[in-house]
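Visitor: Below is the structure I would like to discuss, written out as structure tokens.
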Amino acid sequence: MSNMTHSFLFPTIVWEKQLDYKSPKTTTQGDSEIHKHIAIKQSNEPTVHKSNYGGWQSESDTKLPFDALQKEIDDAVATVCRHVELPKLQMTAVWYNVNGPGNYNSIHNHHGSIISGVYYVDVPHEDMGDIVFHRPDDAEYYLKDLPDENRNNFKAGSTHRYTPKTGMCLLFPSWLKHSVEGNKATEEAVGLFVNEPPGSDTFIKTNNLRRDRISLSFNYSYIPE
């Protein structure tokens, strides 16, 4: 058996990185620029309905308004491209997600792109909803009789989960199906900015304490020069 060789065919890779980005503070209460930006959009824009059940999802844009964060994500994706021998990719969509208690995302993938990702802006508490990646083949039908310790490892398992934390960035193939479990937060988090009155240009600190998990999702595609 010592002369046996092996190959990894069609590997599925998920990359994890804790970003260094620190959003500038905009108030004495400690709210950051990115918190304020998302809260303003949420106050003025209705949610987009895609995989999300409850919560709020913004319309997509093609670039972040935060240069330092944009560069960190661009650099991370460029590293991934070198790792798997892809050409240079370009961000083609980015959107914001606010999931409160009970909100979740059903299983989905990201059509029309090559690398997708999520960056967790704010995860103030535990148990706010793991992201779960689903095996892209039918192996679970063949491995179902294995002992749990074998069936649930990352090689034979049918799912793999990551527990989000503030600042964590995950990158993955856009075709890899994934879901987000329900936010089960019971403790209260800090408040955010809201319009007062609604639709005005005046923003005040809300007195309603929040238990939201805040993230942004993005897609990178190949754009021929």
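Labels used: A, B, ... for chains in the order of the structure tokens, numbers from 1 for residues in each chain, and numbers from 1 for ligands as shown.
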What are the DSSP strand (DSSP E) residues of stretch 11-185 of chain A, as a PDB file with N, CA and C atoms, in the first residue's frame?

Guide:
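Result file follows (states-v1.pdb):
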```pdb
ATOM      1  N   TRP A  15     -12.966  29.158   2.552  1.00  0.00           N
ATOM      2  CA  TRP A  15     -11.867  29.907   3.164  1.00  0.00           C
ATOM      3  C   TRP A  15     -12.421  30.793   4.273  1.00  0.00           C
ATOM      4  N   GLU A  16     -11.705  30.849   5.379  1.00  0.00           N
ATOM      5  CA  GLU A  16     -12.115  31.673   6.520  1.00  0.00           C
ATOM      6  C   GLU A  16     -11.000  32.647   6.877  1.00  0.00           C
ATOM      7  N   LYS A  17     -11.366  33.901   7.120  1.00  0.00           N
ATOM      8  CA  LYS A  17     -10.385  34.913   7.493  1.00  0.00           C
ATOM      9  C   LYS A  17     -11.029  35.921   8.432  1.00  0.00           C
ATOM     10  N   GLN A  18     -10.330  36.263   9.495  1.00  0.00           N
ATOM     11  CA  GLN A  18     -10.776  37.335  10.376  1.00  0.00           C
ATOM     12  C   GLN A  18     -10.199  38.636   9.831  1.00  0.00           C
ATOM     13  N   ASN A  52     -34.305  34.881   2.162  1.00  0.00           N
ATOM     14  CA  ASN A  52     -34.530  35.315   3.537  1.00  0.00           C
ATOM     15  C   ASN A  52     -35.988  35.168   3.965  1.00  0.00           C
ATOM     16  N   TYR A  53     -36.174  34.629   5.164  1.00  0.00           N
ATOM     17  CA  TYR A  53     -37.483  34.559   5.803  1.00  0.00           C
ATOM     18  C   TYR A  53     -37.438  35.460   7.027  1.00  0.00           C
ATOM     19  N   TRP A  56     -34.229  41.694   7.046  1.00  0.00           N
ATOM     20  CA  TRP A  56     -34.156  42.702   5.987  1.00  0.00           C
ATOM     21  C   TRP A  56     -32.917  42.436   5.151  1.00  0.00           C
ATOM     22  N   GLN A  57     -33.089  42.534   3.827  1.00  0.00           N
ATOM     23  CA  GLN A  57     -31.980  42.404   2.880  1.00  0.00           C
ATOM     24  C   GLN A  57     -32.055  43.566   1.912  1.00  0.00           C
ATOM     25  N   GLN A  90     -13.810  40.155 -10.178  1.00  0.00           N
ATOM     26  CA  GLN A  90     -14.258  41.499  -9.799  1.00  0.00           C
ATOM     27  C   GLN A  90     -15.577  41.406  -9.036  1.00  0.00           C
ATOM     28  N   MET A  91     -15.698  42.215  -7.986  1.00  0.00           N
ATOM     29  CA  MET A  91     -16.960  42.248  -7.250  1.00  0.00           C
ATOM     30  C   MET A  91     -18.064  42.750  -8.178  1.00  0.00           C
ATOM     31  N   THR A  92     -19.123  41.974  -8.278  1.00  0.00           N
ATOM     32  CA  THR A  92     -20.241  42.353  -9.145  1.00  0.00           C
ATOM     33  C   THR A  92     -21.532  42.554  -8.365  1.00  0.00           C
ATOM     34  N   ALA A  93     -21.540  42.174  -7.095  1.00  0.00           N
ATOM     35  CA  ALA A  93     -22.729  42.390  -6.268  1.00  0.00           C
ATOM     36  C   ALA A  93     -22.333  42.364  -4.804  1.00  0.00           C
ATOM     37  N   VAL A  94     -22.927  43.282  -4.043  1.00  0.00           N
ATOM     38  CA  VAL A  94     -22.755  43.286  -2.587  1.00  0.00           C
ATOM     39  C   VAL A  94     -24.045  43.804  -1.976  1.00  0.00           C
ATOM     40  N   TRP A  95     -24.484  43.161  -0.907  1.00  0.00           N
ATOM     41  CA  TRP A  95     -25.729  43.573  -0.262  1.00  0.00           C
ATOM     42  C   TRP A  95     -25.631  43.321   1.238  1.00  0.00           C
ATOM     43  N   TYR A  96     -26.553  43.949   1.987  1.00  0.00           N
ATOM     44  CA  TYR A  96     -26.534  43.890   3.445  1.00  0.00           C
ATOM     45  C   TYR A  96     -27.690  43.033   3.952  1.00  0.00           C
ATOM     46  N   ASN A  97     -27.440  42.353   5.070  1.00  0.00           N
ATOM     47  CA  ASN A  97     -28.438  41.476   5.682  1.00  0.00           C
ATOM     48  C   ASN A  97     -28.580  41.819   7.166  1.00  0.00           C
ATOM     49  N   VAL A  98     -29.817  41.942   7.621  1.00  0.00           N
ATOM     50  CA  VAL A  98     -30.095  42.144   9.045  1.00  0.00           C
ATOM     51  C   VAL A  98     -31.089  41.062   9.464  1.00  0.00           C
ATOM     52  N   ASN A  99     -30.623  40.124  10.262  1.00  0.00           N
ATOM     53  CA  ASN A  99     -31.470  39.022  10.719  1.00  0.00           C
ATOM     54  C   ASN A  99     -31.724  39.160  12.212  1.00  0.00           C
ATOM     55  N   TYR A 104     -34.203  33.667   9.262  1.00  0.00           N
ATOM     56  CA  TYR A 104     -33.278  32.685   8.717  1.00  0.00           C
ATOM     57  C   TYR A 104     -33.260  32.784   7.192  1.00  0.00           C
ATOM     58  N   ASN A 105     -32.342  32.034   6.566  1.00  0.00           N
ATOM     59  CA  ASN A 105     -32.249  31.963   5.109  1.00  0.00           C
ATOM     60  C   ASN A 105     -32.328  30.508   4.677  1.00  0.00           C
ATOM     61  N   SER A 106     -33.203  30.234   3.720  1.00  0.00           N
ATOM     62  CA  SER A 106     -33.345  28.870   3.214  1.00  0.00           C
ATOM     63  C   SER A 106     -32.157  28.520   2.315  1.00  0.00           C
ATOM     64  N   ILE A 107     -32.038  27.254   1.967  1.00  0.00           N
ATOM     65  CA  ILE A 107     -30.908  26.780   1.176  1.00  0.00           C
ATOM     66  C   ILE A 107     -30.915  27.443  -0.206  1.00  0.00           C
ATOM     67  N   HIS A 108     -29.732  27.893  -0.630  1.00  0.00           N
ATOM     68  CA  HIS A 108     -29.611  28.604  -1.901  1.00  0.00           C
ATOM     69  C   HIS A 108     -28.145  28.629  -2.317  1.00  0.00           C
ATOM     70  N   ILE A 115     -16.936  33.228  -7.117  1.00  0.00           N
ATOM     71  CA  ILE A 115     -16.638  33.215  -5.687  1.00  0.00           C
ATOM     72  C   ILE A 115     -17.639  34.112  -4.979  1.00  0.00           C
ATOM     73  N   SER A 116     -18.217  33.601  -3.910  1.00  0.00           N
ATOM     74  CA  SER A 116     -19.126  34.387  -3.083  1.00  0.00           C
ATOM     75  C   SER A 116     -18.591  34.430  -1.658  1.00  0.00           C
ATOM     76  N   GLY A 117     -19.190  35.284  -0.849  1.00  0.00           N
ATOM     77  CA  GLY A 117     -18.709  35.374   0.522  1.00  0.00           C
ATOM     78  C   GLY A 117     -19.663  36.128   1.413  1.00  0.00           C
ATOM     79  N   VAL A 118     -19.352  36.077   2.694  1.00  0.00           N
ATOM     80  CA  VAL A 118     -20.111  36.819   3.703  1.00  0.00           C
ATOM     81  C   VAL A 118     -19.117  37.400   4.700  1.00  0.00           C
ATOM     82  N   TYR A 119     -19.374  38.631   5.105  1.00  0.00           N
ATOM     83  CA  TYR A 119     -18.580  39.299   6.142  1.00  0.00           C
ATOM     84  C   TYR A 119     -19.536  39.674   7.263  1.00  0.00           C
ATOM     85  N   TYR A 120     -19.215  39.276   8.476  1.00  0.00           N
ATOM     86  CA  TYR A 120     -20.095  39.528   9.619  1.00  0.00           C
ATOM     87  C   TYR A 120     -19.738  40.859  10.271  1.00  0.00           C
ATOM     88  N   VAL A 121     -20.613  41.832  10.067  1.00  0.00           N
ATOM     89  CA  VAL A 121     -20.416  43.181  10.603  1.00  0.00           C
ATOM     90  C   VAL A 121     -20.591  43.187  12.103  1.00  0.00           C
ATOM     91  N   ASP A 122     -21.627  42.509  12.588  1.00  0.00           N
ATOM     92  CA  ASP A 122     -21.943  42.561  14.008  1.00  0.00           C
ATOM     93  C   ASP A 122     -22.672  41.286  14.419  1.00  0.00           C
ATOM     94  N   ILE A 131     -24.113  29.540   9.673  1.00  0.00           N
ATOM     95  CA  ILE A 131     -24.218  29.316   8.237  1.00  0.00           C
ATOM     96  C   ILE A 131     -23.858  27.850   7.996  1.00  0.00           C
ATOM     97  N   VAL A 132     -24.698  27.164   7.227  1.00  0.00           N
ATOM     98  CA  VAL A 132     -24.546  25.727   7.016  1.00  0.00           C
ATOM     99  C   VAL A 132     -24.319  25.473   5.528  1.00  0.00           C
ATOM    100  N   PHE A 133     -23.203  24.826   5.187  1.00  0.00           N
ATOM    101  CA  PHE A 133     -22.911  24.463   3.810  1.00  0.00           C
ATOM    102  C   PHE A 133     -23.355  23.025   3.569  1.00  0.00           C
ATOM    103  N   HIS A 134     -23.936  22.792   2.385  1.00  0.00           N
ATOM    104  CA  HIS A 134     -24.532  21.503   2.070  1.00  0.00           C
ATOM    105  C   HIS A 134     -23.708  20.798   0.989  1.00  0.00           C
ATOM    106  N   THR A 159     -23.295  17.977   5.689  1.00  0.00           N
ATOM    107  CA  THR A 159     -23.303  19.423   5.946  1.00  0.00           C
ATOM    108  C   THR A 159     -22.085  19.788   6.784  1.00  0.00           C
ATOM    109  N   HIS A 160     -21.743  21.063   6.725  1.00  0.00           N
ATOM    110  CA  HIS A 160     -20.680  21.596   7.592  1.00  0.00           C
ATOM    111  C   HIS A 160     -21.071  23.012   7.971  1.00  0.00           C
ATOM    112  N   ARG A 161     -20.922  23.369   9.237  1.00  0.00           N
ATOM    113  CA  ARG A 161     -21.416  24.651   9.718  1.00  0.00           C
ATOM    114  C   ARG A 161     -20.295  25.513  10.284  1.00  0.00           C
ATOM    115  N   TYR A 162     -20.518  26.824  10.203  1.00  0.00           N
ATOM    116  CA  TYR A 162     -19.650  27.804  10.831  1.00  0.00           C
ATOM    117  C   TYR A 162     -20.506  28.687  11.728  1.00  0.00           C
ATOM    118  N   MET A 168     -15.583  38.077  11.054  1.00  0.00           N
ATOM    119  CA  MET A 168     -15.249  36.869  10.287  1.00  0.00           C
ATOM    120  C   MET A 168     -15.714  37.009   8.838  1.00  0.00           C
ATOM    121  N   CYS A 169     -14.875  36.575   7.922  1.00  0.00           N
ATOM    122  CA  CYS A 169     -15.207  36.564   6.501  1.00  0.00           C
ATOM    123  C   CYS A 169     -15.045  35.143   5.984  1.00  0.00           C
ATOM    124  N   LEU A 170     -16.070  34.655   5.296  1.00  0.00           N
ATOM    125  CA  LEU A 170     -16.024  33.344   4.660  1.00  0.00           C
ATOM    126  C   LEU A 170     -16.129  33.520   3.153  1.00  0.00           C
ATOM    127  N   LEU A 171     -15.304  32.806   2.413  1.00  0.00           N
ATOM    128  CA  LEU A 171     -15.339  32.802   0.959  1.00  0.00           C
ATOM    129  C   LEU A 171     -15.568  31.366   0.496  1.00  0.00           C
ATOM    130  N   PHE A 172     -16.355  31.206  -0.576  1.00  0.00           N
ATOM    131  CA  PHE A 172     -16.718  29.862  -1.021  1.00  0.00           C
ATOM    132  C   PHE A 172     -17.142  29.900  -2.481  1.00  0.00           C
ATOM    133  N   PRO A 173     -17.120  28.736  -3.159  1.00  0.00           N
ATOM    134  CA  PRO A 173     -17.594  28.698  -4.548  1.00  0.00           C
ATOM    135  C   PRO A 173     -19.066  29.105  -4.620  1.00  0.00           C
ATOM    136  N   HIS A 178     -25.964  26.671   0.489  1.00  0.00           N
ATOM    137  CA  HIS A 178     -25.825  26.986   1.907  1.00  0.00           C
ATOM    138  C   HIS A 178     -27.130  27.563   2.436  1.00  0.00           C
ATOM    139  N   SER A 179     -27.282  27.523   3.734  1.00  0.00           N
ATOM    140  CA  SER A 179     -28.442  28.097   4.404  1.00  0.00           C
ATOM    141  C   SER A 179     -27.962  28.771   5.676  1.00  0.00           C
ATOM    142  N   VAL A 180     -28.845  29.562   6.272  1.00  0.00           N
ATOM    143  CA  VAL A 180     -28.514  30.241   7.530  1.00  0.00           C
ATOM    144  C   VAL A 180     -29.595  29.899   8.541  1.00  0.00           C
TER     145      VAL A 180
END
```

Visitor: Could you tell me, as a PyMOL selection string, which residues of stretch 46-208 of chain A DSSP assigns to helix (DSSP H, G or I) when given the backbone?

Guide: chain A and resi 67-83+140-143+148-151

Visitor: Given the selection you just returned, output its residues as a file containing C-alpha atoms, formatted as a compact mmCIF listing (two decimals), in the first residue's frame.

Guide:
```txt
# COMPACT_ATOMS: atom_id res chain seq x y z
CA ASP A 67 -12.57 51.70 0.83
CA ALA A 68 -10.56 49.94 3.53
CA LEU A 69 -13.09 47.10 3.82
CA GLN A 70 -13.38 46.83 0.03
CA LYS A 71 -9.60 46.43 -0.24
CA GLU A 72 -9.46 43.74 2.44
CA ILE A 73 -12.14 41.69 0.72
CA ASP A 74 -10.59 42.25 -2.72
CA ASP A 75 -7.22 41.10 -1.38
CA ALA A 76 -8.75 37.99 0.23
CA VAL A 77 -10.49 37.03 -3.01
CA ALA A 78 -7.27 37.62 -4.97
CA THR A 79 -5.49 35.20 -2.61
CA VAL A 80 -8.21 32.61 -3.23
CA CYS A 81 -7.87 33.08 -6.99
CA ARG A 82 -4.14 32.42 -6.81
CA HIS A 83 -4.77 29.38 -4.63
CA GLU A 140 -25.50 11.17 1.97
CA TYR A 141 -27.66 8.46 0.37
CA TYR A 142 -24.68 6.11 0.23
CA LEU A 143 -23.11 6.98 3.59
CA ASP A 148 -21.99 8.81 13.50
CA GLU A 149 -18.30 9.47 14.15
CA ASN A 150 -17.58 8.66 10.49
CA ARG A 151 -20.73 10.02 8.88
```

Visitor: Just give me the gap between atom CA of A:Arg213 and atom CA of A:Leu89 in Å, one decimal is fine.

Guide: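 We find that atom CA of A:Arg213 and atom CA of A:Leu89 lie 28.0 Å from each other.
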
Visitor: Please provide the set of residues having any atom within 9 Å of A:Asp212, restricted to only C-alpha atoms, with same-chain residues fewer than 4 positions apart removed, written as a compact mmCIF listing (two decimals) with N, CA and C atoms, in the first residue's frame.

Guide:
```txt
# COMPACT_ATOMS: atom_id res chain seq x y z
N GLY A 55 -36.50 39.34 8.64
CA GLY A 55 -35.30 40.15 8.54
C GLY A 55 -35.37 41.13 7.38
N VAL A 98 -29.82 41.94 7.62
CA VAL A 98 -30.09 42.14 9.05
C VAL A 98 -31.09 41.06 9.46
N ASN A 99 -30.62 40.12 10.26
CA ASN A 99 -31.47 39.02 10.72
C ASN A 99 -31.72 39.16 12.21
N GLY A 100 -32.97 39.46 12.57
CA GLY A 100 -33.37 39.53 13.96
C GLY A 100 -33.77 38.16 14.49
N PRO A 101 -34.26 38.10 15.73
CA PRO A 101 -34.66 36.82 16.31
C PRO A 101 -35.68 36.08 15.44
N ASP A 122 -21.63 42.51 12.59
CA ASP A 122 -21.94 42.56 14.01
C ASP A 122 -22.67 41.29 14.42
N VAL A 123 -22.05 40.54 15.30
CA VAL A 123 -22.68 39.35 15.89
C VAL A 123 -22.54 39.50 17.40
N PRO A 124 -23.46 40.24 18.02
CA PRO A 124 -23.27 40.62 19.42
C PRO A 124 -23.45 39.50 20.42
N MET A 128 -26.75 33.08 17.13
CA MET A 128 -27.47 34.01 16.26
C MET A 128 -27.65 33.46 14.85
N ASN A 183 -31.94 32.99 13.90
CA ASN A 183 -31.32 33.75 14.98
C ASN A 183 -32.09 33.44 16.27
N ALA A 185 -31.15 34.54 19.35
CA ALA A 185 -30.68 35.45 20.40
C ALA A 185 -31.81 35.77 21.37
N GLU A 188 -30.36 41.23 24.79
CA GLU A 188 -30.59 42.45 24.03
C GLU A 188 -29.26 43.08 23.65
N ALA A 189 -29.17 43.54 22.42
CA ALA A 189 -27.96 44.19 21.92
C ALA A 189 -28.18 45.70 21.85
```

Visitor: Taking only C-alpha atoms into account, which of A:Ile114, A:Lys184, A:Ser158, A:Asp127 comes nearest A:Phe218?

Guide: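 Using only C-alpha atoms, A:Phe218 sits closest to A:Ile114.
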
Visitor: What does the distance between atom CA of A:Glu59 and atom CA of A:Gln42 come to in Å, to one decimal place?

Guide: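 Those two atoms sit 10.3 Å apart.
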
Visitor: Would you mind telling me which residue in A:Leu146, A:Ile223, A:Val84, A:Ile40 lies nearest to A:Thr12 when using only C-alpha atoms?

Guide: A:Val84

Visitor: Would you mind reading off the distance between atom CA of A:Glu181 and atom CA of A:Asp20, one decimal, in Å?

Guide: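 Result for atom CA of A:Glu181 versus atom CA of A:Asp20: 26.0 Å, one decimal.
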